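Asks: As input, take run-v5.pdb (PDB, N, CA and C atoms):
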ATOM      1  N   GLN A 385      47.906  80.187  35.377
ATOM      2  CA  GLN A 385      47.706  78.770  35.470
ATOM      3  C   GLN A 385      48.991  78.065  35.852
ATOM      4  N   SER A 386      49.720  78.668  36.733
ATOM      5  CA  SER A 386      50.945  78.022  37.188
ATOM      6  C   SER A 386      50.600  76.802  38.032
ATOM      7  N   GLY A 387      51.506  75.861  38.057
ATOM      8  CA  GLY A 387      51.324  74.660  38.846
ATOM      9  C   GLY A 387      50.672  73.514  38.092
ATOM     10  N   LYS A 388      50.213  73.757  36.883
ATOM     11  CA  LYS A 388      49.609  72.684  36.103
ATOM     12  C   LYS A 388      50.664  72.017  35.230
ATOM     13  N   LEU A 389      50.506  70.728  35.061
ATOM     14  CA  LEU A 389      51.385  69.980  34.173
ATOM     15  C   LEU A 389      50.672  69.763  32.845
ATOM     16  N   SER A 390      51.424  69.769  31.795
ATOM     17  CA  SER A 390      50.858  69.544  30.472
ATOM     18  C   SER A 390      51.640  68.430  29.785
ATOM     19  N   PHE A 391      50.965  67.321  29.525
ATOM     20  CA  PHE A 391      51.610  66.192  28.872
ATOM     21  C   PHE A 391      50.882  65.876  27.574
ATOM     22  N   SER A 392      51.632  65.459  26.576
ATOM     23  CA  SER A 392      51.069  65.063  25.288
ATOM     24  C   SER A 392      51.463  63.623  24.982
ATOM     25  N   PRO A 393      50.559  62.863  24.358
ATOM     26  CA  PRO A 393      50.883  61.479  23.992
ATOM     27  C   PRO A 393      51.688  61.431  22.693
ATOM     28  N   PHE A 394      52.558  60.462  22.609
ATOM     29  CA  PHE A 394      53.366  60.226  21.415
ATOM     30  C   PHE A 394      53.384  58.731  21.116
ATOM     31  N   VAL A 395      53.537  58.396  19.849
ATOM     32  CA  VAL A 395      53.672  57.005  19.412
ATOM     33  C   VAL A 395      54.817  56.951  18.411
ATOM     34  N   ASP A 396      55.777  56.070  18.654
ATOM     35  CA  ASP A 396      56.885  55.844  17.726
ATOM     36  C   ASP A 396      56.824  54.406  17.233
ATOM     37  N   SER A 397      57.089  54.229  15.960
ATOM     38  CA  SER A 397      57.113  52.901  15.352
ATOM     39  C   SER A 397      58.520  52.631  14.827
ATOM     40  N   PHE A 398      59.043  51.444  15.136
ATOM     41  CA  PHE A 398      60.397  51.084  14.719
ATOM     42  C   PHE A 398      60.368  49.777  13.936
ATOM     43  N   SER A 399      61.266  49.663  12.975
ATOM     44  CA  SER A 399      61.489  48.429  12.218
ATOM     45  C   SER A 399      62.925  47.989  12.487
ATOM     46  N   PRO A 400      63.128  47.157  13.516
ATOM     47  CA  PRO A 400      64.486  46.725  13.869
ATOM     48  C   PRO A 400      65.198  46.061  12.695
ATOM     49  N   ASN A 401      66.535  46.168  12.696
ATOM     50  CA  ASN A 401      67.310  45.560  11.606
ATOM     51  C   ASN A 401      68.051  44.300  12.039
ATOM     52  N   GLY A 402      67.842  43.871  13.290
ATOM     53  CA  GLY A 402      68.475  42.649  13.774
ATOM     54  C   GLY A 402      69.841  42.839  14.381
ATOM     55  N   SER A 403      70.383  44.062  14.306
ATOM     56  CA  SER A 403      71.744  44.270  14.812
ATOM     57  C   SER A 403      71.834  45.313  15.928
ATOM     58  N   VAL A 404      70.694  45.787  16.440
ATOM     59  CA  VAL A 404      70.721  46.770  17.531
ATOM     60  C   VAL A 404      69.728  46.380  18.616
ATOM     61  N   ASN A 405      70.020  46.844  19.832
ATOM     62  CA  ASN A 405      69.099  46.629  20.945
ATOM     63  C   ASN A 405      68.667  47.948  21.578
ATOM     64  N   THR A 406      69.048  49.084  20.976
ATOM     65  CA  THR A 406      68.656  50.392  21.499
ATOM     66  C   THR A 406      67.839  51.153  20.455
ATOM     67  N   PHE A 407      66.861  51.919  20.966
ATOM     68  CA  PHE A 407      65.982  52.686  20.104
ATOM     69  C   PHE A 407      65.740  54.052  20.737
ATOM     70  N   GLN A 408      65.986  55.097  19.980
ATOM     71  CA  GLN A 408      65.831  56.464  20.475
ATOM     72  C   GLN A 408      64.442  56.976  20.124
ATOM     73  N   LEU A 409      63.715  57.462  21.148
ATOM     74  CA  LEU A 409      62.390  58.013  20.910
ATOM     75  C   LEU A 409      62.503  59.324  20.151
ATOM     76  N   SER A 410      61.489  59.655  19.368
ATOM     77  CA  SER A 410      61.520  60.868  18.550
ATOM     78  C   SER A 410      61.423  62.135  19.393
ATOM     79  N   THR A 411      60.841  62.021  20.586
ATOM     80  CA  THR A 411      60.714  63.155  21.501
ATOM     81  C   THR A 411      61.152  62.689  22.880
ATOM     82  N   ALA A 412      62.010  63.454  23.523
ATOM     83  CA  ALA A 412      62.514  63.063  24.849
ATOM     84  C   ALA A 412      61.394  63.094  25.888
ATOM     85  N   THR A 413      61.410  62.120  26.787
ATOM     86  CA  THR A 413      60.465  62.126  27.901
ATOM     87  C   THR A 413      61.010  63.024  29.001
ATOM     88  N   VAL A 414      60.153  63.367  29.944
ATOM     89  CA  VAL A 414      60.576  64.145  31.094
ATOM     90  C   VAL A 414      61.452  63.250  31.955
ATOM     91  N   GLU A 415      62.617  63.744  32.339
ATOM     92  CA  GLU A 415      63.525  62.935  33.151
ATOM     93  C   GLU A 415      62.832  62.512  34.440
ATOM     94  N   ASN A 416      63.025  61.277  34.830
ATOM     95  CA  ASN A 416      62.418  60.651  36.003
ATOM     96  C   ASN A 416      60.918  60.430  35.844
ATOM     97  N   PHE A 417      60.389  60.616  34.630
ATOM     98  CA  PHE A 417      59.005  60.267  34.324
ATOM     99  C   PHE A 417      59.044  59.413  33.073
ATOM    100  N   ASP A 418      59.578  58.226  33.232
ATOM    101  CA  ASP A 418      59.846  57.338  32.106
ATOM    102  C   ASP A 418      58.787  56.256  31.988
ATOM    103  N   VAL A 419      57.529  56.673  31.910
ATOM    104  CA  VAL A 419      56.449  55.710  31.733
ATOM    105  C   VAL A 419      56.288  55.472  30.238
ATOM    106  N   VAL A 420      56.705  54.310  29.811
ATOM    107  CA  VAL A 420      56.726  53.966  28.390
ATOM    108  C   VAL A 420      56.065  52.601  28.219
ATOM    109  N   LEU A 421      55.186  52.495  27.236
ATOM    110  CA  LEU A 421      54.565  51.214  26.906
ATOM    111  C   LEU A 421      55.110  50.767  25.556
ATOM    112  N   ALA A 422      55.719  49.603  25.521
ATOM    113  CA  ALA A 422      56.300  49.086  24.291
ATOM    114  C   ALA A 422      55.637  47.757  23.924
ATOM    115  N   PHE A 423      55.416  47.575  22.620
ATOM    116  CA  PHE A 423      54.806  46.364  22.100
ATOM    117  C   PHE A 423      55.666  45.829  20.964
ATOM    118  N   ARG A 424      56.141  44.610  21.132
ATOM    119  CA  ARG A 424      56.941  43.942  20.097
ATOM    120  C   ARG A 424      56.043  42.917  19.422
ATOM    121  N   ASN A 425      55.827  43.092  18.133
ATOM    122  CA  ASN A 425      54.931  42.213  17.368
ATOM    123  C   ASN A 425      53.540  42.138  17.998
ATOM    124  N   GLY A 426      53.087  43.270  18.549
ATOM    125  CA  GLY A 426      51.752  43.354  19.140
ATOM    126  C   GLY A 426      51.650  42.882  20.572
ATOM    127  N   LEU A 427      52.736  42.360  21.140
ATOM    128  CA  LEU A 427      52.717  41.868  22.518
ATOM    129  C   LEU A 427      53.435  42.835  23.436
ATOM    130  N   PHE A 428      52.846  43.077  24.618
ATOM    131  CA  PHE A 428      53.418  43.990  25.594
ATOM    132  C   PHE A 428      54.801  43.520  26.037
ATOM    133  N   VAL A 429      55.739  44.466  26.139
ATOM    134  CA  VAL A 429      57.103  44.184  26.594
ATOM    135  C   VAL A 429      57.283  44.845  27.959
ATOM    136  N   LYS A 430      57.887  44.160  28.896
ATOM    137  CA  LYS A 430      58.022  44.643  30.271
ATOM    138  C   LYS A 430      59.163  45.651  30.420
ATOM    139  N   GLN A 431      58.843  46.792  31.027
ATOM    140  CA  GLN A 431      59.862  47.780  31.372
ATOM    141  C   GLN A 431      60.434  47.416  32.738
ATOM    142  N   VAL A 432      61.768  47.336  32.833
ATOM    143  CA  VAL A 432      62.434  47.009  34.088
ATOM    144  C   VAL A 432      63.371  48.144  34.480
ATOM    145  N   ALA A 433      63.750  48.192  35.742
ATOM    146  CA  ALA A 433      64.616  49.268  36.232
ATOM    147  C   ALA A 433      66.043  49.138  35.715
ATOM    148  N   ASN A 434      66.522  47.892  35.571
ATOM    149  CA  ASN A 434      67.884  47.671  35.070
ATOM    150  C   ASN A 434      68.033  46.226  34.614
ATOM    151  N   SER A 435      69.114  45.949  33.923
ATOM    152  CA  SER A 435      69.483  44.607  33.458
ATOM    153  C   SER A 435      68.352  43.886  32.730
ATOM    154  N   PRO A 436      67.882  44.434  31.597
ATOM    155  CA  PRO A 436      66.828  43.741  30.860
ATOM    156  C   PRO A 436      67.307  42.389  30.342
ATOM    157  N   SER A 437      66.368  41.442  30.256
ATOM    158  CA  SER A 437      66.684  40.091  29.827
ATOM    159  C   SER A 437      66.010  39.811  28.489
ATOM    160  N   GLY A 438      66.782  39.575  27.456
ATOM    161  CA  GLY A 438      66.243  39.206  26.151
ATOM    162  C   GLY A 438      65.437  40.310  25.492
ATOM    163  N   VAL A 439      64.593  39.902  24.541
ATOM    164  CA  VAL A 439      63.802  40.864  23.772
ATOM    165  C   VAL A 439      62.481  41.200  24.453
ATOM    166  N   ASP A 440      62.198  40.582  25.601
ATOM    167  CA  ASP A 440      60.932  40.799  26.289
ATOM    168  C   ASP A 440      61.025  41.766  27.457
ATOM    169  N   GLN A 441      62.194  42.403  27.639
ATOM    170  CA  GLN A 441      62.367  43.404  28.684
ATOM    171  C   GLN A 441      63.221  44.545  28.147
ATOM    172  N   PHE A 442      62.956  45.759  28.678
ATOM    173  CA  PHE A 442      63.743  46.922  28.273
ATOM    174  C   PHE A 442      63.854  47.907  29.428
ATOM    175  N   THR A 443      64.860  48.760  29.334
ATOM    176  CA  THR A 443      65.012  49.874  30.266
ATOM    177  C   THR A 443      64.830  51.166  29.489
ATOM    178  N   VAL A 444      64.575  52.239  30.229
ATOM    179  CA  VAL A 444      64.466  53.572  29.645
ATOM    180  C   VAL A 444      65.533  54.435  30.285
ATOM    181  N   GLY A 445      66.297  55.148  29.473
ATOM    182  CA  GLY A 445      67.343  56.016  29.990
ATOM    183  C   GLY A 445      67.441  57.299  29.189
ATOM    184  N   GLN A 446      68.169  58.235  29.737
ATOM    185  CA  GLN A 446      68.411  59.517  29.074
ATOM    186  C   GLN A 446      69.860  59.551  28.612
ATOM    187  N   SER A 447      70.074  60.003  27.385
ATOM    188  CA  SER A 447      71.428  60.100  26.841
ATOM    189  C   SER A 447      71.520  61.326  25.944
ATOM    190  N   GLY A 448      72.279  62.308  26.371
ATOM    191  CA  GLY A 448      72.460  63.509  25.572
ATOM    192  C   GLY A 448      71.169  64.246  25.288
ATOM    193  N   GLY A 449      70.239  64.246  26.221
ATOM    194  CA  GLY A 449      68.962  64.922  26.024
ATOM    195  C   GLY A 449      67.937  64.098  25.269
ATOM    196  N   ASN A 450      68.279  62.857  24.943
ATOM    197  CA  ASN A 450      67.368  61.955  24.230
ATOM    198  C   ASN A 450      66.936  60.818  25.144
ATOM    199  N   THR A 451      65.765  60.286  24.888
ATOM    200  CA  THR A 451      65.283  59.120  25.626
ATOM    201  C   THR A 451      65.555  57.878  24.796
ATOM    202  N   VAL A 452      66.180  56.883  25.433
ATOM    203  CA  VAL A 452      66.609  55.670  24.726
ATOM    204  C   VAL A 452      66.050  54.444  25.427
ATOM    205  N   LEU A 453      65.461  53.537  24.650
ATOM    206  CA  LEU A 453      65.039  52.237  25.148
ATOM    207  C   LEU A 453      66.150  51.245  24.847
ATOM    208  N   THR A 454      66.508  50.431  25.848
ATOM    209  CA  THR A 454      67.535  49.415  25.667
ATOM    210  C   THR A 454      66.951  48.059  26.020
ATOM    211  N   PHE A 455      66.960  47.161  25.060
ATOM    212  CA  PHE A 455      66.462  45.805  25.258
ATOM    213  C   PHE A 455      67.615  44.904  25.695
ATOM    214  N   GLY A 456      67.279  43.736  26.253
ATOM    215  CA  GLY A 456      68.290  42.800  26.727
ATOM    216  C   GLY A 456      69.071  42.134  25.610
ATOM    217  N   SER A 457      68.517  42.111  24.415
ATOM    218  CA  SER A 457      69.219  41.573  23.244
ATOM    219  C   SER A 457      68.650  42.240  21.993
ATOM    220  N   ASN A 458      69.309  42.021  20.877
ATOM    221  CA  ASN A 458      68.882  42.632  19.616
ATOM    222  C   ASN A 458      67.520  42.112  19.185
ATOM    223  N   LEU A 459      66.682  43.020  18.701
ATOM    224  CA  LEU A 459      65.414  42.623  18.122
ATOM    225  C   LEU A 459      65.656  42.136  16.694
ATOM    226  N   SER A 460      64.905  41.164  16.283
ATOM    227  CA  SER A 460      65.052  40.568  14.950
ATOM    228  C   SER A 460      64.574  41.538  13.863
ATOM    229  N   ASN A 461      65.108  41.365  12.672
ATOM    230  CA  ASN A 461      64.670  42.221  11.571
ATOM    231  C   ASN A 461      63.245  41.886  11.130
ATOM    232  N   SER A 462      62.667  40.813  11.634
ATOM    233  CA  SER A 462      61.270  40.493  11.351
ATOM    234  C   SER A 462      60.330  41.045  12.425
ATOM    235  N   ASP A 463      60.894  41.638  13.486
ATOM    236  CA  ASP A 463      60.089  42.222  14.561
ATOM    237  C   ASP A 463      59.566  43.596  14.163
ATOM    238  N   SER A 464      58.480  43.982  14.806
ATOM    239  CA  SER A 464      58.017  45.370  14.733
ATOM    240  C   SER A 464      57.916  45.865  16.170
ATOM    241  N   LEU A 465      58.193  47.143  16.370
ATOM    242  CA  LEU A 465      58.190  47.721  17.711
ATOM    243  C   LEU A 465      57.358  48.993  17.690
ATOM    244  N   LEU A 466      56.364  49.053  18.572
ATOM    245  CA  LEU A 466      55.495  50.215  18.700
ATOM    246  C   LEU A 466      55.615  50.711  20.125
ATOM    247  N   VAL A 467      55.897  52.008  20.295
ATOM    248  CA  VAL A 467      56.152  52.576  21.618
ATOM    249  C   VAL A 467      55.212  53.758  21.861
ATOM    250  N   PHE A 468      54.470  53.687  22.978
ATOM    251  CA  PHE A 468      53.569  54.758  23.400
ATOM    252  C   PHE A 468      54.164  55.414  24.637
ATOM    253  N   TYR A 469      54.148  56.756  24.693
ATOM    254  CA  TYR A 469      54.698  57.456  25.845
ATOM    255  C   TYR A 469      54.122  58.861  25.930
ATOM    256  N   PHE A 470      54.305  59.487  27.077
ATOM    257  CA  PHE A 470      53.871  60.856  27.301
ATOM    258  C   PHE A 470      55.091  61.721  27.620
ATOM    259  N   THR A 471      55.028  62.972  27.210
ATOM    260  CA  THR A 471      56.039  63.927  27.602
ATOM    261  C   THR A 471      55.402  65.311  27.643
ATOM    262  N   ASN A 472      56.096  66.261  28.239
ATOM    263  CA  ASN A 472      55.484  67.592  28.370
ATOM    264  C   ASN A 472      55.303  68.211  26.998
ATOM    265  N   GLY A 473      54.133  68.786  26.795
ATOM    266  CA  GLY A 473      53.787  69.273  25.465
ATOM    267  C   GLY A 473      53.514  70.725  25.362
TER     268      GLY A 473
END
Hey, can you dump this file as structure tokens for me?
Replies:
Amino acid sequence: QSGKLSFSPFVDSFSPNGSVNTFQLSTATVENFDVVLAFRNGLFVKQVANSPSGVDQFTVGQSGGNTVLTFGSNLSNSDSLLVFYFTNG
């Protein structure tokens, strides 16, 4: 069965503390396949290629084998963040 791709869904939940704008996913995504859906307080947050603006935009990057979401500013400690993504399983 060579040539087939196998992806599994993952969901990470974060409770921001008000002093960070980066969040590391529990499982690394496949590099260059950074399709991530993020919801802050139940509202969809836009993924951008670079230079996120405020708490309503984020980028996805790889750092030391980990996948990291970076928002344009720190999320409040009253925010909740839910992230859905796929990676090879």
Asks: So, with only N, CA and C atoms as the atoms that count, which of A:Ser435, A:Asn405, A:Asn416, A:Lys430 lies closest to A:Phe455?
Replies: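 Counting only N, CA and C atoms, the residue closest to A:Phe455 is A:Asn405.
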Asks: Hey, can you check how far atom C of A:Tyr469 sits from atom C of A:Val414?
Replies: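 Going from atom C of A:Tyr469 over to atom C of A:Val414, I get 10.5 Å.
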Asks: Skip stretch 388-402 of chain A itself and residues of its chain fewer than 5 positions away, then list as a list in words all residues within 6.5 Å of it, counting all atoms listed in the file.
Replies: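 Everything that qualifies: Ser410, Asn458, Leu459, Ser460, Asn461, Ser462, Asp463, Ser464, Leu465, Leu466, Val467, Phe468, Tyr469, Phe470, Thr471, Asn472 and Gly473 of chain A.
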Asks: Suppose you want the space between atom CA of A:Phe417 and atom CA of A:Val432; what is it in Å?
Replies: 13.7 Å
Asks: One decimal, Å: what's the distance from atom CA of A:Gln431 over to atom CA of A:Thr454, could you say?
Replies: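 Separation of atom CA of A:Gln431 and atom CA of A:Thr454: 9.7 Å.
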Asks: When distances are computed from all atoms listed in the file, which of A:Phe407, A:Val419, A:Thr413, A:Val429 shows the smallest separation from A:Gln441?
Replies: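 Closest candidate: A:Val429.
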Asks: Name all residues at most 7 Å from A:Gln408 (count all atoms listed in the file; drop same-chain ones fewer than 3 positions away) and give them as a PyMOL selection string.
Replies: chain A and resi 411+450-453
Asks: Using DSSP on the backbone coordinates, identify the residues of chain A assigned to strand (DSSP E or B); present them as number ranges by chain.
Replies: A: 391-398, 406-408, 420-424, 427-431, 441-447, 450-455, 465-472
Asks: How about saving the chosen residues, N, CA and C atoms kept, as a short mmCIF file (atom, residue, chain, number, x, y, z; two decimals), in the coordinates of the input?
Replies:
data_model
loop_
_atom_site.label_atom_id
_atom_site.label_comp_id
_atom_site.auth_asym_id
_atom_site.auth_seq_id
_atom_site.Cartn_x
_atom_site.Cartn_y
_atom_site.Cartn_z
N PHE A 391 50.96 67.32 29.52
CA PHE A 391 51.61 66.19 28.87
C PHE A 391 50.88 65.88 27.57
N SER A 392 51.63 65.46 26.58
CA SER A 392 51.07 65.06 25.29
C SER A 392 51.46 63.62 24.98
N PRO A 393 50.56 62.86 24.36
CA PRO A 393 50.88 61.48 23.99
C PRO A 393 51.69 61.43 22.69
N PHE A 394 52.56 60.46 22.61
CA PHE A 394 53.37 60.23 21.42
C PHE A 394 53.38 58.73 21.12
N VAL A 395 53.54 58.40 19.85
CA VAL A 395 53.67 57.00 19.41
C VAL A 395 54.82 56.95 18.41
N ASP A 396 55.78 56.07 18.65
CA ASP A 396 56.88 55.84 17.73
C ASP A 396 56.82 54.41 17.23
N SER A 397 57.09 54.23 15.96
CA SER A 397 57.11 52.90 15.35
C SER A 397 58.52 52.63 14.83
N PHE A 398 59.04 51.44 15.14
CA PHE A 398 60.40 51.08 14.72
C PHE A 398 60.37 49.78 13.94
N THR A 406 69.05 49.08 20.98
CA THR A 406 68.66 50.39 21.50
C THR A 406 67.84 51.15 20.45
N PHE A 407 66.86 51.92 20.97
CA PHE A 407 65.98 52.69 20.10
C PHE A 407 65.74 54.05 20.74
N GLN A 408 65.99 55.10 19.98
CA GLN A 408 65.83 56.46 20.48
C GLN A 408 64.44 56.98 20.12
N VAL A 420 56.70 54.31 29.81
CA VAL A 420 56.73 53.97 28.39
C VAL A 420 56.06 52.60 28.22
N LEU A 421 55.19 52.50 27.24
CA LEU A 421 54.56 51.21 26.91
C LEU A 421 55.11 50.77 25.56
N ALA A 422 55.72 49.60 25.52
CA ALA A 422 56.30 49.09 24.29
C ALA A 422 55.64 47.76 23.92
N PHE A 423 55.42 47.58 22.62
CA PHE A 423 54.81 46.36 22.10
C PHE A 423 55.67 45.83 20.96
N ARG A 424 56.14 44.61 21.13
CA ARG A 424 56.94 43.94 20.10
C ARG A 424 56.04 42.92 19.42
N LEU A 427 52.74 42.36 21.14
CA LEU A 427 52.72 41.87 22.52
C LEU A 427 53.44 42.84 23.44
N PHE A 428 52.85 43.08 24.62
CA PHE A 428 53.42 43.99 25.59
C PHE A 428 54.80 43.52 26.04
N VAL A 429 55.74 44.47 26.14
CA VAL A 429 57.10 44.18 26.59
C VAL A 429 57.28 44.84 27.96
N LYS A 430 57.89 44.16 28.90
CA LYS A 430 58.02 44.64 30.27
C LYS A 430 59.16 45.65 30.42
N GLN A 431 58.84 46.79 31.03
CA GLN A 431 59.86 47.78 31.37
C GLN A 431 60.43 47.42 32.74
N GLN A 441 62.19 42.40 27.64
CA GLN A 441 62.37 43.40 28.68
C GLN A 441 63.22 44.54 28.15
N PHE A 442 62.96 45.76 28.68
CA PHE A 442 63.74 46.92 28.27
C PHE A 442 63.85 47.91 29.43
N THR A 443 64.86 48.76 29.33
CA THR A 443 65.01 49.87 30.27
C THR A 443 64.83 51.17 29.49
N VAL A 444 64.58 52.24 30.23
CA VAL A 444 64.47 53.57 29.64
C VAL A 444 65.53 54.44 30.28
N GLY A 445 66.30 55.15 29.47
CA GLY A 445 67.34 56.02 29.99
C GLY A 445 67.44 57.30 29.19
N GLN A 446 68.17 58.24 29.74
CA GLN A 446 68.41 59.52 29.07
C GLN A 446 69.86 59.55 28.61
N SER A 447 70.07 60.00 27.38
CA SER A 447 71.43 60.10 26.84
C SER A 447 71.52 61.33 25.94
N ASN A 450 68.28 62.86 24.94
CA ASN A 450 67.37 61.96 24.23
C ASN A 450 66.94 60.82 25.14
N THR A 451 65.76 60.29 24.89
CA THR A 451 65.28 59.12 25.63
C THR A 451 65.56 57.88 24.80
N VAL A 452 66.18 56.88 25.43
CA VAL A 452 66.61 55.67 24.73
C VAL A 452 66.05 54.44 25.43
N LEU A 453 65.46 53.54 24.65
CA LEU A 453 65.04 52.24 25.15
C LEU A 453 66.15 51.24 24.85
N THR A 454 66.51 50.43 25.85
CA THR A 454 67.54 49.42 25.67
C THR A 454 66.95 48.06 26.02
N PHE A 455 66.96 47.16 25.06
CA PHE A 455 66.46 45.80 25.26
C PHE A 455 67.61 44.90 25.70
N LEU A 465 58.19 47.14 16.37
CA LEU A 465 58.19 47.72 17.71
C LEU A 465 57.36 48.99 17.69
N LEU A 466 56.36 49.05 18.57
CA LEU A 466 55.50 50.22 18.70
C LEU A 466 55.62 50.71 20.12
N VAL A 467 55.90 52.01 20.30
CA VAL A 467 56.15 52.58 21.62
C VAL A 467 55.21 53.76 21.86
N PHE A 468 54.47 53.69 22.98
CA PHE A 468 53.57 54.76 23.40
C PHE A 468 54.16 55.41 24.64
N TYR A 469 54.15 56.76 24.69
CA TYR A 469 54.70 57.46 25.84
C TYR A 469 54.12 58.86 25.93
N PHE A 470 54.30 59.49 27.08
CA PHE A 470 53.87 60.86 27.30
C PHE A 470 55.09 61.72 27.62
N THR A 471 55.03 62.97 27.21
CA THR A 471 56.04 63.93 27.60
C THR A 471 55.40 65.31 27.64
N ASN A 472 56.10 66.26 28.24
CA ASN A 472 55.48 67.59 28.37
C ASN A 472 55.30 68.21 27.00
#
